[in-house]
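S.K.: Structure below; questions to follow.
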Amino acid sequence: MAQKYKIATIGSHSALQILKGAKDEGFETICICLKGREKPYKMYNVADKIITIDNYDGFYDIQEQLIKENAIIIPHASFIAYMGPEKVEKFKVPYFGNKKILDWESDRAMERKWLVKAGLKMPKIFKNPEEIDRPVITKFHGASGGAGYFVAKNLRDWQEKMKNYKGEKDYVIQEYVLGVHCYIHYFHSPLTGEIEILGFDKRYESNVDSLGRISARDQIALPKIDPSYVIVGNMTLVVRESLLPLIIEMGENVVKESKKICPPGLFGPFCLETIITPDIEIITFEISARIVAGTNPYVNGSPYTWLKYDEPMSTGRRIAREIKNAIKEDKLNMVLG
Ligand code: AMP
Ligand code: AMP
């Protein structure tokens, strides 16, 4: 029965995991690739079919072909980044997830409203730069993957650094939270109503994660070094077990609130991007309402999915399992948005 539907995604980000998981659940798979990016999908043999496009506009043009193939699209960050939220909303191919959540997630102000209503702690925002009274991080709208953020230690430093961004008006100034970064991978099943924790990761970002390799003395001697946050990869993480009750509650509250703001709410995989302070406060600075690439280390499952499933269960496979269960129960419309 799963054979009737095919699982499709764009070849980047977490496509290897998504397609492998889908095959493990018995689906045929399609990988849509930019010309020249096919090799990994061939090397690991995760795609039954590879459709090559010249650019991402081409993706919009192959909709009819995907519909004929009976494909279900699994979105990931590269898909959203390359297509843009407006085009995603108009996309006619069956789509795993609630598209309406995109508006809440892609607008920083709406995202904050949602998460604050869900009771999450978030970094303080400085609407007026004159009020800066602590280290801050400034994020420009549309800066992707953390390129184009800058850190300032106080107001004077901020004013100095802003000189490099003359004319820029669309940015947010956030308190710089010092602590351990922790990306929490959740899954909410609309079929069972349950929240699952599938795992955690920490990111490996260039150049910020290499600054610790130079002594403070050398960092001062080289004043041109400014941290950047360009994502390069992800590492595994298991959290202190006593943090789990709070982490579970946070996920539950985010889902509960999402049902109020855009029914039927958030479902499938999602990620809270957090920093845990020395006082064990969990500060959330962002949400991703879909699979995150930090789940990639767990193609064979994480310690947490092992506890729950007793079989290899990646996030990609969990998505395919949800779709399979929905088909079996004749509730496919509950997982498509
Ligand atoms: P890419 O397809 O690698 O060019 O990625 C497109 C976007 O997806 C990037 O700009 C990032 O925002 C996001 N992304 C890709 N890989 C990762 C990763 N490993 N961790 C977090 N975000 C990622
Ligand atoms: P984002 O694009 O929001 O995922 O952020 C990219 C990176 O910037 C994160 O992975 C963190 O390393 C850093 N970052 C973002 N917001 C904060 C914050 N409020 N305090 C400290 N670091 C942050």
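Starting from 1 in every chain, residues are counted up; chains themselves are A, B, ... following the order of the structure tokens, and ligands are numbered from 1 as listed.
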At a cut-off of 8 Å and counting only C-alpha atoms and all ligand atoms, what residues surround ligand 1? Please answer as a short mmCIF file (atom, residue, chain, number, x, y, z; two decimals) with C-alpha atoms, in the first residue's frame.

M.R.:
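Here's the written file result.cif:
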data_model
loop_
_atom_site.label_atom_id
_atom_site.label_comp_id
_atom_site.auth_asym_id
_atom_site.auth_seq_id
_atom_site.Cartn_x
_atom_site.Cartn_y
_atom_site.Cartn_z
CA GLY A 11 18.52 16.85 -2.82
CA SER A 12 20.23 18.78 0.00
CA HIS A 13 20.01 19.32 3.79
CA SER A 14 18.51 16.04 5.14
CA HIS A 76 13.26 20.81 4.77
CA ALA A 77 15.16 24.09 5.30
CA SER A 78 16.80 24.08 1.88
CA PHE A 79 13.41 23.51 0.22
CA ALA A 81 15.09 28.64 1.57
CA TYR A 82 15.28 28.03 -2.17
CA SER A 144 20.70 32.71 6.31
CA GLY A 145 22.63 30.13 8.23
CA GLY A 146 23.90 32.76 10.66
CA ARG A 203 25.95 22.85 15.74
CA ILE A 231 26.73 26.30 9.79
CA VAL A 232 29.15 23.61 8.67
CA GLY A 233 27.83 20.52 10.42
CA ASN A 234 26.15 19.03 13.47
CA VAL A 292 16.34 19.99 10.99
CA ALA A 293 19.70 18.86 9.63
CA GLY A 294 20.83 18.28 13.22
CA ASN A 296 21.40 13.75 10.31
#

S.K.: Going by DSSP on the backbone, which residues of range 160-337 of chain A come out as strand (DSSP E)? List them as a ChimeraX atom specification.

M.R.: /A:171-175,180-188,195-207,229-237,268-276,282-288

S.K.: Between CA of Ser189 in chain A and CA of Gly316 in chain A, measure the distance and give it in Å to one decimal.

M.R.: 13.7 Å

S.K.: With only C-alpha atoms as the counted atoms, please give the residues lying no more than 7 Å from range 18-34 of chain A, apart from itself and same-chain residues fewer than 6 positions off, as a list of chain:residue names.

M.R.: A:Ala2, A:Gln3, A:Tyr5, A:Lys6, A:Ile7, A:Ala8, A:Thr9, A:Ile10, A:Gly11, A:Val46, A:Ala47, A:Asp48, A:Lys49, A:Ile50, A:Ile51, A:Thr52, A:Ile53, A:Asp54, A:Asn55, A:Ser314, A:Gly316, A:Arg317, A:Ala320, A:Arg321

S.K.: Filtering to C-alpha atoms, could you give me those residues as an mmCIF file, in the first residue's frame?

M.R.:
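File out_14.cif, as written:
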data_model
loop_
_atom_site.group_PDB
_atom_site.id
_atom_site.type_symbol
_atom_site.label_atom_id
_atom_site.label_comp_id
_atom_site.auth_asym_id
_atom_site.auth_seq_id
_atom_site.Cartn_x
_atom_site.Cartn_y
_atom_site.Cartn_z
ATOM 1 C CA ALA A 2 2.891 2.338 0.766
ATOM 2 C CA GLN A 3 4.125 1.564 -2.756
ATOM 3 C CA TYR A 5 2.655 6.778 -2.844
ATOM 4 C CA LYS A 6 6.166 8.048 -3.407
ATOM 5 C CA ILE A 7 8.199 10.193 -1.062
ATOM 6 C CA ALA A 8 9.978 13.104 -2.734
ATOM 7 C CA THR A 9 12.324 15.805 -1.537
ATOM 8 C CA ILE A 10 14.978 18.219 -2.760
ATOM 9 C CA GLY A 11 18.518 16.849 -2.821
ATOM 10 C CA VAL A 46 18.474 6.266 -1.625
ATOM 11 C CA ALA A 47 16.507 7.478 -4.653
ATOM 12 C CA ASP A 48 14.498 5.278 -6.995
ATOM 13 C CA LYS A 49 14.322 8.223 -9.349
ATOM 14 C CA ILE A 50 16.382 11.385 -9.654
ATOM 15 C CA ILE A 51 14.798 14.348 -11.413
ATOM 16 C CA THR A 52 17.371 16.954 -12.411
ATOM 17 C CA ILE A 53 16.493 20.637 -12.641
ATOM 18 C CA ASP A 54 18.620 23.572 -13.834
ATOM 19 C CA ASN A 55 17.569 25.931 -11.031
ATOM 20 C CA SER A 314 15.661 8.320 12.166
ATOM 21 C CA GLY A 316 13.238 10.739 8.194
ATOM 22 C CA ARG A 317 11.963 7.255 8.893
ATOM 23 C CA ALA A 320 7.573 7.975 6.560
ATOM 24 C CA ARG A 321 6.116 5.840 9.376
#

S.K.: Quick one: contact table of chain A to ligand 2, 9 Å max, nearest atom pair and distance in Å to one decimal per residue, counting only C-alpha atoms and all ligand atoms, chain and number order, as CSV?

M.R.:
residue,atom,partner,partner_atom_place_in_ligand_line,distance
A:Met122,CA,ligand 2,19 (N),8.0
A:Pro123,CA,ligand 2,19 (N),5.4
A:Lys124,CA,ligand 2,19 (N),8.0
A:Ile125,CA,ligand 2,19 (N),8.9
A:Val136,CA,ligand 2,20 (N),7.4
A:Ile137,CA,ligand 2,18 (C),6.1
A:Thr138,CA,ligand 2,16 (N),8.4
A:Lys139,CA,ligand 2,3 (O),7.8
A:Ala143,CA,ligand 2,2 (O),7.3
A:Ser144,CA,ligand 2,2 (O),6.3
A:Gly145,CA,ligand 2,2 (O),5.2
A:Gly146,CA,ligand 2,6 (C),4.1
A:Ala147,CA,ligand 2,6 (C),7.8
A:Tyr149,CA,ligand 2,8 (O),7.2
A:Phe150,CA,ligand 2,8 (O),8.9
A:Val151,CA,ligand 2,21 (C),8.6
A:Ile173,CA,ligand 2,19 (N),8.7
A:Gln174,CA,ligand 2,19 (N),5.4
A:Glu175,CA,ligand 2,19 (N),5.4
A:Tyr176,CA,ligand 2,20 (N),3.7
A:Val177,CA,ligand 2,20 (N),3.9
A:Leu178,CA,ligand 2,21 (C),6.0
A:Gly179,CA,ligand 2,21 (C),7.9
A:His181,CA,ligand 2,12 (O),7.1
A:Tyr183,CA,ligand 2,10 (O),8.9
A:Lys202,CA,ligand 2,10 (O),8.4
A:Arg203,CA,ligand 2,10 (O),6.5
A:Tyr204,CA,ligand 2,10 (O),8.4
A:Glu205,CA,ligand 2,12 (O),7.1
A:Val208,CA,ligand 2,12 (O),7.7
A:Asp209,CA,ligand 2,12 (O),8.8
A:Ser228,CA,ligand 2,8 (O),8.0
A:Tyr229,CA,ligand 2,7 (C),5.1
A:Val230,CA,ligand 2,6 (C),7.4
A:Ile231,CA,ligand 2,10 (O),7.7
A:Glu273,CA,ligand 2,4 (O),7.0
A:Thr274,CA,ligand 2,17 (C),8.5
A:Ile275,CA,ligand 2,21 (C),7.3
A:Ile283,CA,ligand 2,19 (N),8.3
A:Thr284,CA,ligand 2,19 (N),8.3
A:Phe285,CA,ligand 2,16 (N),5.6
A:Glu286,CA,ligand 2,3 (O),5.8
A:Ile287,CA,ligand 2,4 (O),8.6
A:Ser288,CA,ligand 2,4 (O),8.9
